[in-house]
Amino acid sequence: MKAVFHHSNDDSDLHERVVNNVANLLDDDTVDVEAVALVANSGGLALLTTDSPQRETVEALQERGVSFRQCRNTIEGKGLTEDDLIDGVELVSSGVGELARLQDEGYAYLKP
Amino acid sequence: MKAVFHHSNDDSDLHERVVNNVANLLDDDTVDVEAVALVANSGGLALLTTDSPQRETVEALQERGVSFRQCRNTIEGKGLTEDDLIDGVELVSSGVGELARLQDEGYAYLKP
Amino acid sequence: MKAVFHHSNDDSDLHERVVNNVANLLDDDTVDVEAVALVANSGGLALLTTDSPQRETVEALQERGVSFRQCRNTIEGKGLTEDDLIDGVELVSSGVGELARLQDEGYAYLKP
């Protein structure tokens with residue numbers, strides 16, 4: 001089973017909820033998880049910048065195999081660059097395009 | 001056709017919207033609905049406790065065949081137990097795992 | 001690839017985000033987009049009425065082939081009619097039924 005989380009709001013409670021949700025999926029022994037991705041766009045960007053309040057948690061999830069992907073439109077709109085992102089976060093052409101592509105590849109969609 | 005509703009916010013307007021959306025799906029004669037589930041996690045728990053403002057509506061939807069499922073991580077995090085839930089609500093190992101599993105089984109995802 | 005956007009909140013920032021997300025998908029050269037629809041219900045109705053703050057953007061997206069669909073339950077609940085909608089917006093029996101149907105037809109689901 002494959003799943004992609006969509007994160008699009010800059011809200012501290014929601015940042016924490018999203019990473020907890022990802023961890024809960026990885027920890028769920030009843031689910032055979034092949035791949036987990038998180039795609040951030042709009043306000044979700046704040047979860048993946050170097051000054052993210054959840055930086056350590058994001059890095060710990062990367063070590064567990066979670067792939068974090070950031071919408072290029074959003075980051076360019078904010079005047080930021082790839083250097084402002086946590087190491088290992090992948091820039092994607094558009095967040096919505098990536099979310100459509102992953103669902104087309106069989107990923108389940110989750111919006112915490 | 002099968003559909004799963006994801007409910008994750010404790011907001012009185014949204015509680016009402018979610019149950020109305022479920023009823024609208026059941027009432028839509030143009031759609032052949034085989035199965036409808038609602039998975040609650042995070043703040044969505046408040047819809048499914050015995051003191052829920054929507055308790056009667058939830059029970060009426062159960063009688064129409066809707067399956068309500070509550071994330072175990074959320075309820076344990078709040079120090080509540082299955083006894084605090086409306087009768088018939090099923091505890092699932094994780095809300096996100098259940099949502100991924102149901103989509104893998106062909107359920108459409110709906111976030112009201 | 002096919003994608004449906006679900007819009008259900010009357011929030012000016014979100015109205016703008018939703019139409020920007022739709023444009024970003026159309027503009028993403030890495031994605032082969034066959035069909036894009038937007039289904040509005042609940043507060044999302046305000047995006048598709050004749051006095052919508054995004055009316056011109058909606059019309060421009062219609063010209064690019066995006067199909068806009070409005071939940072009949074919502075519009076009847078507000079005492080409005082099809083005449084109150086931007087030309088070309090299609091009324092559907094229920095927003096959630098349409099979203100389930102489109103996912104059943106292979107559309108990816110996106111909630112901006």
# chains A, B, ... in the order shown; residues from 1 in each chain; ligands from 1
$ calpha_fit_and_write --fixed "chain B" --moving "chain C" --output "compact mmCIF listing (two decimals) with N, CA and C atoms, in the first residue's frame"
# COMPACT_ATOMS: atom_id res chain seq x y z
N MET C 1 -20.43 1.68 -6.09
CA MET C 1 -19.50 2.72 -5.71
C MET C 1 -19.36 2.74 -4.19
N LYS C 2 -18.14 2.97 -3.73
CA LYS C 2 -17.88 3.01 -2.29
C LYS C 2 -17.20 4.33 -1.96
N ALA C 3 -17.48 4.86 -0.77
CA ALA C 3 -16.90 6.15 -0.41
C ALA C 3 -16.59 6.20 1.08
N VAL C 4 -15.46 6.85 1.40
CA VAL C 4 -15.11 7.06 2.80
C VAL C 4 -14.94 8.55 3.06
N PHE C 5 -15.58 9.01 4.12
CA PHE C 5 -15.46 10.39 4.58
C PHE C 5 -14.39 10.45 5.66
N HIS C 6 -13.52 11.45 5.56
CA HIS C 6 -12.47 11.66 6.56
C HIS C 6 -12.85 12.89 7.37
N HIS C 7 -12.95 12.71 8.68
CA HIS C 7 -13.34 13.83 9.56
C HIS C 7 -12.28 14.00 10.64
N SER C 8 -11.64 15.18 10.67
CA SER C 8 -10.50 15.34 11.57
C SER C 8 -10.50 16.66 12.33
N ASN C 9 -11.61 17.41 12.30
CA ASN C 9 -11.63 18.69 13.03
C ASN C 9 -12.80 18.77 13.99
N ASP C 10 -12.50 19.30 15.19
CA ASP C 10 -13.55 19.50 16.18
C ASP C 10 -14.12 20.90 15.98
N ASP C 11 -15.12 20.99 15.13
CA ASP C 11 -15.73 22.28 14.77
C ASP C 11 -17.21 21.98 14.57
N SER C 12 -18.07 22.70 15.31
CA SER C 12 -19.50 22.33 15.31
C SER C 12 -20.12 22.47 13.93
N ASP C 13 -19.73 23.51 13.17
CA ASP C 13 -20.27 23.66 11.82
C ASP C 13 -19.84 22.48 10.95
N LEU C 14 -18.59 22.07 11.13
CA LEU C 14 -18.07 20.99 10.30
C LEU C 14 -18.68 19.64 10.69
N HIS C 15 -18.91 19.42 11.99
CA HIS C 15 -19.60 18.18 12.40
C HIS C 15 -20.93 18.06 11.63
N GLU C 16 -21.65 19.19 11.61
CA GLU C 16 -22.96 19.17 10.95
C GLU C 16 -22.80 18.99 9.44
N ARG C 17 -21.79 19.65 8.88
CA ARG C 17 -21.58 19.53 7.43
C ARG C 17 -21.28 18.08 7.05
N VAL C 18 -20.44 17.45 7.85
CA VAL C 18 -20.01 16.08 7.53
C VAL C 18 -21.20 15.13 7.50
N VAL C 19 -22.03 15.17 8.54
CA VAL C 19 -23.17 14.24 8.55
C VAL C 19 -24.18 14.59 7.45
N ASN C 20 -24.32 15.89 7.16
CA ASN C 20 -25.20 16.27 6.03
C ASN C 20 -24.65 15.74 4.71
N ASN C 21 -23.33 15.83 4.55
CA ASN C 21 -22.70 15.31 3.32
C ASN C 21 -22.93 13.82 3.18
N VAL C 22 -22.82 13.09 4.28
CA VAL C 22 -23.05 11.64 4.23
C VAL C 22 -24.50 11.36 3.81
N ALA C 23 -25.45 12.08 4.42
CA ALA C 23 -26.86 11.90 4.07
C ALA C 23 -27.12 12.26 2.60
N ASN C 24 -26.48 13.33 2.15
CA ASN C 24 -26.66 13.74 0.75
C ASN C 24 -26.18 12.66 -0.22
N LEU C 25 -25.11 11.98 0.15
CA LEU C 25 -24.62 10.90 -0.72
C LEU C 25 -25.63 9.75 -0.75
N LEU C 26 -26.15 9.39 0.44
CA LEU C 26 -27.13 8.29 0.49
C LEU C 26 -28.41 8.66 -0.26
N ASP C 27 -28.76 9.95 -0.23
CA ASP C 27 -30.01 10.41 -0.86
C ASP C 27 -29.88 10.65 -2.35
N ASP C 28 -28.65 10.59 -2.88
CA ASP C 28 -28.43 10.92 -4.30
C ASP C 28 -28.78 9.70 -5.17
N ASP C 29 -29.94 9.80 -5.83
CA ASP C 29 -30.45 8.66 -6.61
C ASP C 29 -29.62 8.39 -7.86
N THR C 30 -28.74 9.33 -8.23
CA THR C 30 -27.94 9.15 -9.44
C THR C 30 -26.68 8.33 -9.15
N VAL C 31 -26.46 8.02 -7.87
CA VAL C 31 -25.24 7.30 -7.48
C VAL C 31 -25.62 5.96 -6.87
N ASP C 32 -25.00 4.91 -7.35
CA ASP C 32 -25.25 3.57 -6.82
C ASP C 32 -24.22 3.31 -5.71
N VAL C 33 -24.65 3.51 -4.47
CA VAL C 33 -23.73 3.45 -3.33
C VAL C 33 -23.77 2.06 -2.70
N GLU C 34 -22.64 1.37 -2.75
CA GLU C 34 -22.54 0.04 -2.14
C GLU C 34 -22.17 0.11 -0.67
N ALA C 35 -21.27 1.06 -0.34
CA ALA C 35 -20.76 1.13 1.03
C ALA C 35 -20.30 2.54 1.33
N VAL C 36 -20.62 2.99 2.54
CA VAL C 36 -20.17 4.31 2.99
C VAL C 36 -19.59 4.17 4.40
N ALA C 37 -18.38 4.69 4.57
CA ALA C 37 -17.75 4.68 5.88
C ALA C 37 -17.34 6.10 6.24
N LEU C 38 -17.22 6.36 7.53
CA LEU C 38 -16.65 7.62 8.01
C LEU C 38 -15.55 7.27 8.99
N VAL C 39 -14.36 7.81 8.76
CA VAL C 39 -13.22 7.58 9.65
C VAL C 39 -12.91 8.89 10.36
N ALA C 40 -12.93 8.86 11.69
CA ALA C 40 -12.61 10.05 12.49
C ALA C 40 -11.24 9.88 13.14
N ASN C 41 -10.45 10.95 13.07
CA ASN C 41 -9.22 11.02 13.87
C ASN C 41 -9.04 12.47 14.31
N SER C 42 -8.00 12.73 15.07
CA SER C 42 -7.76 14.07 15.63
C SER C 42 -9.08 14.62 16.19
N GLY C 43 -9.40 15.87 15.90
CA GLY C 43 -10.59 16.50 16.47
C GLY C 43 -11.91 15.90 16.01
N GLY C 44 -11.87 15.06 14.99
CA GLY C 44 -13.09 14.42 14.50
C GLY C 44 -13.72 13.49 15.51
N LEU C 45 -12.91 13.06 16.50
CA LEU C 45 -13.41 12.20 17.58
C LEU C 45 -14.70 12.74 18.21
N ALA C 46 -14.78 14.06 18.37
CA ALA C 46 -15.93 14.66 19.07
C ALA C 46 -17.27 14.37 18.40
N LEU C 47 -17.22 13.99 17.13
CA LEU C 47 -18.47 13.62 16.44
C LEU C 47 -19.01 12.27 16.92
N LEU C 48 -18.12 11.43 17.43
CA LEU C 48 -18.49 10.02 17.68
C LEU C 48 -18.57 9.63 19.15
N THR C 49 -18.37 10.60 20.06
CA THR C 49 -18.49 10.29 21.48
C THR C 49 -19.96 10.33 21.90
N THR C 50 -20.23 9.73 23.06
CA THR C 50 -21.63 9.64 23.53
C THR C 50 -22.25 11.02 23.74
N ASP C 51 -21.43 12.03 23.99
CA ASP C 51 -21.97 13.39 24.18
C ASP C 51 -21.88 14.23 22.89
N SER C 52 -21.76 13.57 21.76
CA SER C 52 -21.69 14.27 20.48
C SER C 52 -22.94 15.09 20.22
N PRO C 53 -22.79 16.32 19.73
CA PRO C 53 -23.98 17.11 19.37
C PRO C 53 -24.76 16.48 18.21
N GLN C 54 -24.13 15.57 17.50
CA GLN C 54 -24.76 14.94 16.34
C GLN C 54 -25.11 13.48 16.62
N ARG C 55 -25.20 13.11 17.88
CA ARG C 55 -25.39 11.69 18.22
C ARG C 55 -26.60 11.05 17.52
N GLU C 56 -27.72 11.74 17.57
CA GLU C 56 -28.93 11.15 16.95
C GLU C 56 -28.76 10.99 15.44
N THR C 57 -28.10 11.97 14.84
CA THR C 57 -27.90 11.89 13.39
C THR C 57 -26.94 10.75 13.05
N VAL C 58 -25.90 10.59 13.85
CA VAL C 58 -24.96 9.48 13.63
C VAL C 58 -25.71 8.15 13.75
N GLU C 59 -26.54 8.02 14.77
CA GLU C 59 -27.28 6.77 14.96
C GLU C 59 -28.24 6.50 13.80
N ALA C 60 -28.87 7.57 13.30
CA ALA C 60 -29.78 7.40 12.16
C ALA C 60 -29.00 6.95 10.92
N LEU C 61 -27.80 7.49 10.75
CA LEU C 61 -26.97 7.08 9.61
C LEU C 61 -26.48 5.64 9.77
N GLN C 62 -26.18 5.24 11.00
CA GLN C 62 -25.82 3.84 11.24
C GLN C 62 -26.95 2.92 10.78
N GLU C 63 -28.18 3.32 11.09
CA GLU C 63 -29.33 2.50 10.69
C GLU C 63 -29.47 2.42 9.17
N ARG C 64 -28.93 3.44 8.48
CA ARG C 64 -28.96 3.42 7.02
C ARG C 64 -27.74 2.69 6.44
N GLY C 65 -26.91 2.12 7.33
CA GLY C 65 -25.82 1.28 6.84
C GLY C 65 -24.45 1.93 6.83
N VAL C 66 -24.35 3.17 7.30
CA VAL C 66 -23.03 3.83 7.32
C VAL C 66 -22.19 3.26 8.45
N SER C 67 -20.92 2.96 8.14
CA SER C 67 -20.00 2.40 9.13
C SER C 67 -19.11 3.52 9.68
N PHE C 68 -19.17 3.73 10.99
CA PHE C 68 -18.36 4.78 11.63
C PHE C 68 -17.15 4.13 12.31
N ARG C 69 -15.97 4.70 12.07
CA ARG C 69 -14.74 4.10 12.59
C ARG C 69 -13.87 5.18 13.23
N GLN C 70 -13.36 4.89 14.40
CA GLN C 70 -12.59 5.85 15.19
C GLN C 70 -11.14 5.38 15.32
N CYS C 71 -10.22 6.32 15.11
CA CYS C 71 -8.78 6.06 15.26
C CYS C 71 -8.44 5.76 16.72
N ARG C 72 -7.78 4.63 16.94
CA ARG C 72 -7.42 4.24 18.30
C ARG C 72 -6.36 5.19 18.90
N ASN C 73 -5.42 5.63 18.08
CA ASN C 73 -4.39 6.55 18.60
C ASN C 73 -5.02 7.80 19.21
N THR C 74 -6.02 8.34 18.52
CA THR C 74 -6.65 9.58 18.98
C THR C 74 -7.35 9.37 20.31
N ILE C 75 -8.13 8.29 20.39
CA ILE C 75 -8.93 8.10 21.60
C ILE C 75 -8.04 7.77 22.80
N GLU C 76 -6.96 7.02 22.55
CA GLU C 76 -6.04 6.73 23.66
C GLU C 76 -5.30 8.00 24.08
N GLY C 77 -4.98 8.84 23.13
CA GLY C 77 -4.31 10.11 23.45
C GLY C 77 -5.16 11.03 24.31
N LYS C 78 -6.47 10.88 24.22
CA LYS C 78 -7.40 11.70 25.01
C LYS C 78 -7.77 11.03 26.33
N GLY C 79 -7.25 9.81 26.57
CA GLY C 79 -7.59 9.11 27.80
C GLY C 79 -9.01 8.57 27.82
N LEU C 80 -9.60 8.41 26.64
CA LEU C 80 -10.96 7.86 26.56
C LEU C 80 -10.88 6.38 26.16
N THR C 81 -12.04 5.69 26.25
CA THR C 81 -12.09 4.28 25.86
C THR C 81 -13.28 4.07 24.93
N GLU C 82 -13.41 2.82 24.47
CA GLU C 82 -14.51 2.48 23.57
C GLU C 82 -15.87 2.79 24.22
N ASP C 83 -15.93 2.73 25.56
CA ASP C 83 -17.19 3.03 26.26
C ASP C 83 -17.64 4.47 26.08
N ASP C 84 -16.72 5.35 25.72
CA ASP C 84 -17.07 6.76 25.51
C ASP C 84 -17.62 7.02 24.10
N LEU C 85 -17.63 5.97 23.27
CA LEU C 85 -18.09 6.13 21.89
C LEU C 85 -19.55 5.70 21.74
N ILE C 86 -20.22 6.29 20.77
CA ILE C 86 -21.57 5.87 20.41
C ILE C 86 -21.54 4.38 20.07
N ASP C 87 -22.55 3.63 20.52
CA ASP C 87 -22.60 2.19 20.24
C ASP C 87 -22.46 1.91 18.75
N GLY C 88 -21.64 0.91 18.44
CA GLY C 88 -21.52 0.51 17.04
C GLY C 88 -20.34 1.15 16.33
N VAL C 89 -19.74 2.18 16.94
CA VAL C 89 -18.55 2.78 16.31
C VAL C 89 -17.39 1.80 16.49
N GLU C 90 -16.70 1.53 15.40
CA GLU C 90 -15.62 0.54 15.41
C GLU C 90 -14.28 1.25 15.66
N LEU C 91 -13.48 0.71 16.57
CA LEU C 91 -12.13 1.25 16.76
C LEU C 91 -11.20 0.64 15.71
N VAL C 92 -10.40 1.49 15.06
CA VAL C 92 -9.44 0.99 14.08
C VAL C 92 -8.03 1.35 14.54
N SER C 93 -7.10 0.55 14.09
CA SER C 93 -5.73 0.64 14.56
C SER C 93 -5.17 2.06 14.38
N SER C 94 -5.39 2.64 13.23
CA SER C 94 -5.08 4.06 13.02
C SER C 94 -6.04 4.61 11.98
N GLY C 95 -6.40 5.87 12.13
CA GLY C 95 -7.31 6.49 11.16
C GLY C 95 -6.68 6.53 9.77
N VAL C 96 -5.42 6.95 9.71
CA VAL C 96 -4.78 7.07 8.39
C VAL C 96 -4.57 5.71 7.73
N GLY C 97 -4.26 4.70 8.55
CA GLY C 97 -4.10 3.35 7.99
C GLY C 97 -5.42 2.85 7.41
N GLU C 98 -6.51 3.12 8.13
CA GLU C 98 -7.84 2.69 7.65
C GLU C 98 -8.20 3.42 6.35
N LEU C 99 -7.90 4.70 6.30
CA LEU C 99 -8.21 5.50 5.09
C LEU C 99 -7.39 5.01 3.90
N ALA C 100 -6.14 4.64 4.13
CA ALA C 100 -5.32 4.12 3.04
C ALA C 100 -5.85 2.76 2.59
N ARG C 101 -6.20 1.91 3.56
CA ARG C 101 -6.71 0.56 3.25
C ARG C 101 -8.01 0.65 2.43
N LEU C 102 -8.91 1.50 2.86
CA LEU C 102 -10.20 1.60 2.15
C LEU C 102 -10.00 2.14 0.73
N GLN C 103 -9.12 3.13 0.55
CA GLN C 103 -8.87 3.61 -0.81
C GLN C 103 -8.26 2.50 -1.66
N ASP C 104 -7.40 1.71 -1.04
CA ASP C 104 -6.81 0.58 -1.75
C ASP C 104 -7.88 -0.43 -2.19
N GLU C 105 -8.98 -0.47 -1.41
CA GLU C 105 -10.10 -1.36 -1.76
C GLU C 105 -11.11 -0.70 -2.70
N GLY C 106 -10.79 0.51 -3.18
CA GLY C 106 -11.63 1.15 -4.18
C GLY C 106 -12.58 2.21 -3.66
N TYR C 107 -12.48 2.53 -2.38
CA TYR C 107 -13.31 3.61 -1.85
C TYR C 107 -12.82 4.96 -2.36
N ALA C 108 -13.75 5.82 -2.75
CA ALA C 108 -13.43 7.22 -3.02
C ALA C 108 -13.22 7.95 -1.70
N TYR C 109 -12.35 8.95 -1.71
CA TYR C 109 -12.02 9.73 -0.51
C TYR C 109 -12.73 11.07 -0.55
N LEU C 110 -13.36 11.43 0.55
CA LEU C 110 -14.08 12.70 0.63
C LEU C 110 -13.75 13.40 1.93
N LYS C 111 -13.30 14.65 1.82
CA LYS C 111 -12.98 15.44 3.03
C LYS C 111 -13.91 16.65 3.03
N PRO C 112 -15.02 16.59 3.78
CA PRO C 112 -16.00 17.71 3.74
C PRO C 112 -15.40 19.03 4.26
$ select_by_dssp --residues "chain B" --states "helix (DSSP H, G or I)" --output "PyMOL selection string"
chain B and resi 12-27+42-47+55-63+72-77+82-84+95-104
